Amino acid sequence: MTRTSTDPSAVAGSATEDPPQDHAMFRALRVRNFRLYASANLVSLTGTWMQRIGQDWLVLQLSGDSGIALGLITALQFGPTLLLSMYGGVLADRYSKRRVLMITQALMGVLALLLGILVATDSVALWHVFVLAGGLGAVSAIDVPGRQAFVSEMVGPALLGNAVSLNSTIFNGARLVGPSLAGLLIGASSGDTAPAFFVNAASFAFTIGALAVMRADELRPSPPVARARGQLRAGVAYTWAHPDLVLAMVLAFVVGTFGFNYQVTIALMTRQVFDLGAEAFGLLSTFFAIGSLSGALLSTRRSVRPRQRFLVISAVVFGLFTVVAGLMPSYVSFAVLLVPTGAAALVFSVANNSFVQLGVDPQMRGRVMALYFMCFMGGTPVGAPLIGWISEHLGAPWGLILGGGVCVVAGLAAAAFLARGRRVRLEARPAPPGRQSLSG
């Protein structure tokens, strides 16, 4: 199958099987399987965000408000992405994505339950949190490529862009509710984070149930890739052969490494700069989520593959908002700036994700999406501790200012690269005959 960069119908399956494209905001929810998955995912992701807030707060409690420890726990959670994501992509291309997801969701529920038991029995130590975060990261590295590739099997190519945007909307709807619930629950429990972990453990049952009752005959699975040597290398080579995908990967790596560290920076701003507690931390995370949800909803109306220049502009805008957020002098002004910053973050994230998914052959999608998330999340083990170290030694605002500044520089460099490529193409294009005679 020949890959095209502009026609979504060439990406997966036959375009004639899909309903005509329209611009309705929730059009992908007309598909029953996706509707089941999306509603269960909202519950599960709410629990996931509760766990993230609880885990970060638990680390601060056990480490004496250490920014380095907070960055390290983030690194351990996302570090396995570097080692296991491509293998997860191979599994997604080789086996039933639905079955793989049922296994990974069950394992993540067990890990959340173990952490809750350790905290509830007052047996938890900082190293326990590190180990379980690493385990969660390892399972998630297998889960994410399959989960991303499975979206196209539920909705088909014509609705893929909208489904990706709705997934981001659900993710950020959960981010809107989860942190606030976690903050209230932790506050009501006098600082005890165990209830947040128990809620998350139970939430995975909803996704497993939704996957179990899906109508298999309505899915559109890509032909499974036979077991063979060199499949990881084939995914890398395929991506490297397409400069548009390489640009998206580079932007994802820089923004993910230096910009998407808000679970570290918001926590440190809450504790160090504003000297407030878990409720205030949850509220700040909610303000960021309001912006993210707005950005995701704006993205749902897109029905075609984004342009490269849109990716570049959105990366620069996100970086600028991050820098300005770091300059805010008060809790209220910082909270207000988190709204447009969250919106800019999600506009970039959804556009970049859609750009990659709509520009890749279906039999390569699992591996390419794995490589994409390796770039997007794989830099976190470096970026999160680095931003944590900067915040601890120079002050929490500098983690935002320097991280956002790197995103701006990367975006401008990408813009210069695209402009240079355009100049080369224009110079190589023959001049019209009339213009040749005038200049000769």
# chains A, B, ... in the order shown; residues from 1 in each chain; ligands from 1
call {"tool": "residues_around", "arguments": {"residues": "Phe150 in chain A", "least_positions_apart": "5", "cutoff": "9 Å", "atoms": "only C-alpha atoms", "output": "list of chain:residue names"}}
result
A:Ala92, A:Lys97, A:Arg98, A:Pro145, A:Pro221, A:Gly366
call {"tool": "select_by_dssp", "arguments": {"residues": "range 258-291 of chain A", "states": "alpha helix (DSSP H)", "output": "PyMOL selection string"}}
result
chain A and resi 258+262-268+278-291
call {"tool": "residues_around", "arguments": {"residues": "Ala248 in chain A", "least_positions_apart": "3", "cutoff": "12 Å", "atoms": "only C-alpha atoms", "output": "PyMOL selection string"}}
result
chain A and resi 239-240+242-245+251-256+306-312+314-315+348-357+359+368-369+371-373+375-376+410-411+414
call {"tool": "closest_residue", "arguments": {"among": "A:Arg220, A:Arg52, A:Arg35, A:Arg94", "to": "Thr207 in chain A", "atoms": "only C-alpha atoms"}}
result
A:Arg35
call {"tool": "closest_residue", "arguments": {"among": "A:Gly319, A:Pro340, A:Gly187, A:Gly88", "to": "Ala280 in chain A", "atoms": "only C-alpha atoms"}}
result
A:Gly187
call {"tool": "residues_around", "arguments": {"residues": "Ile68 in chain A", "least_positions_apart": "2", "cutoff": "6 Å", "atoms": "only C-alpha atoms", "output": "JSON, numbers by chain"}}
result
{"A": [66, 70, 71, 385, 388, 389]}
call {"tool": "write_last_selection", "arguments": {"atoms": "C-alpha atoms", "output": "PDB file, in the first residue's frame"}}
result
ATOM      1  CA  SER A  66      12.268  17.329  47.438  1.00  0.00           C
ATOM      2  CA  LEU A  70       9.500  14.396  42.519  1.00  0.00           C
ATOM      3  CA  GLY A  71      11.352  14.576  39.229  1.00  0.00           C
ATOM      4  CA  PRO A 385      14.684  15.406  37.087  1.00  0.00           C
ATOM      5  CA  GLY A 388      13.097  19.383  39.308  1.00  0.00           C
ATOM      6  CA  TRP A 389      16.789  20.183  39.951  1.00  0.00           C
TER       7      TRP A 389
END
call {"tool": "atom_distance", "arguments": {"atom1": "CA of Leu268 in chain A", "atom2": "CA of Met328 in chain A"}}
result
14.2 Å
call {"tool": "residues_around", "arguments": {"residues": "range 114-131 of chain A", "least_positions_apart": "2", "cutoff": "12 Å", "atoms": "only C-alpha atoms", "output": "PDB file with C-alpha atoms, in the first residue's frame"}}
result
ATOM      1  CA  GLN A  51      -3.373   8.359  41.481  1.00  0.00           C
ATOM      2  CA  ARG A  52      -0.942  10.819  39.896  1.00  0.00           C
ATOM      3  CA  GLY A  54      -1.792  11.133  45.231  1.00  0.00           C
ATOM      4  CA  GLN A  55       1.555   9.711  44.161  1.00  0.00           C
ATOM      5  CA  ASP A  56       3.175  13.143  43.761  1.00  0.00           C
ATOM      6  CA  TRP A  57       1.812  14.257  47.138  1.00  0.00           C
ATOM      7  CA  LEU A  58       3.006  11.034  48.777  1.00  0.00           C
ATOM      8  CA  VAL A  59       6.519  11.587  47.385  1.00  0.00           C
ATOM      9  CA  LEU A  60       6.585  15.120  48.768  1.00  0.00           C
ATOM     10  CA  GLN A  61       5.447  13.785  52.162  1.00  0.00           C
ATOM     11  CA  LEU A  62       8.070  11.028  52.249  1.00  0.00           C
ATOM     12  CA  SER A  63      10.960  13.071  50.831  1.00  0.00           C
ATOM     13  CA  GLY A  64      10.554  16.356  52.689  1.00  0.00           C
ATOM     14  CA  SER A  66      12.268  17.329  47.438  1.00  0.00           C
ATOM     15  CA  ALA A  69      12.622  13.136  44.280  1.00  0.00           C
ATOM     16  CA  LEU A  70       9.500  14.396  42.519  1.00  0.00           C
ATOM     17  CA  GLY A  71      11.352  14.576  39.229  1.00  0.00           C
ATOM     18  CA  LEU A  72      12.814  11.110  39.822  1.00  0.00           C
ATOM     19  CA  ILE A  73       9.426   9.498  40.431  1.00  0.00           C
ATOM     20  CA  THR A  74       8.213  11.038  37.168  1.00  0.00           C
ATOM     21  CA  ALA A  75      11.317   9.721  35.409  1.00  0.00           C
ATOM     22  CA  LEU A  76      10.772   6.208  36.785  1.00  0.00           C
ATOM     23  CA  GLN A  77       7.156   6.242  35.652  1.00  0.00           C
ATOM     24  CA  PHE A  78       8.009   7.312  32.103  1.00  0.00           C
ATOM     25  CA  GLY A  79      11.543   5.900  31.773  1.00  0.00           C
ATOM     26  CA  PRO A  80      10.412   2.428  30.607  1.00  0.00           C
ATOM     27  CA  LEU A 107      -1.856  -5.264  35.539  1.00  0.00           C
ATOM     28  CA  MET A 108      -2.049  -1.512  36.120  1.00  0.00           C
ATOM     29  CA  GLY A 109      -5.032  -2.026  38.415  1.00  0.00           C
ATOM     30  CA  VAL A 110      -3.049  -4.524  40.486  1.00  0.00           C
ATOM     31  CA  LEU A 111      -0.104  -2.114  40.847  1.00  0.00           C
ATOM     32  CA  ALA A 112      -2.414   0.692  42.014  1.00  0.00           C
ATOM     33  CA  ALA A 133       6.005   3.760  39.627  1.00  0.00           C
ATOM     34  CA  GLY A 134       8.601   1.971  37.524  1.00  0.00           C
ATOM     35  CA  GLY A 135       6.333  -1.066  37.226  1.00  0.00           C
ATOM     36  CA  LEU A 136       3.416   1.127  36.212  1.00  0.00           C
ATOM     37  CA  GLY A 137       5.634   2.807  33.630  1.00  0.00           C
ATOM     38  CA  ALA A 138       6.695  -0.562  32.205  1.00  0.00           C
ATOM     39  CA  SER A 189      -8.430  11.957  54.904  1.00  0.00           C
ATOM     40  CA  GLY A 191      -3.284  13.782  54.146  1.00  0.00           C
ATOM     41  CA  ASP A 192      -3.791  10.036  53.620  1.00  0.00           C
ATOM     42  CA  THR A 193      -3.273   9.210  49.922  1.00  0.00           C
ATOM     43  CA  ALA A 194      -4.453   5.560  50.082  1.00  0.00           C
ATOM     44  CA  PRO A 195      -8.098   6.274  49.061  1.00  0.00           C
ATOM     45  CA  ALA A 196      -6.916   7.835  45.780  1.00  0.00           C
ATOM     46  CA  PHE A 197      -4.970   4.668  44.937  1.00  0.00           C
ATOM     47  CA  PHE A 198      -7.914   2.401  45.791  1.00  0.00           C
ATOM     48  CA  VAL A 199     -10.251   4.422  43.568  1.00  0.00           C
ATOM     49  CA  ASN A 200      -7.790   4.150  40.678  1.00  0.00           C
ATOM     50  CA  ALA A 201      -7.417   0.387  41.141  1.00  0.00           C
ATOM     51  CA  ALA A 202     -11.194  -0.050  40.899  1.00  0.00           C
TER      52      ALA A 202
END
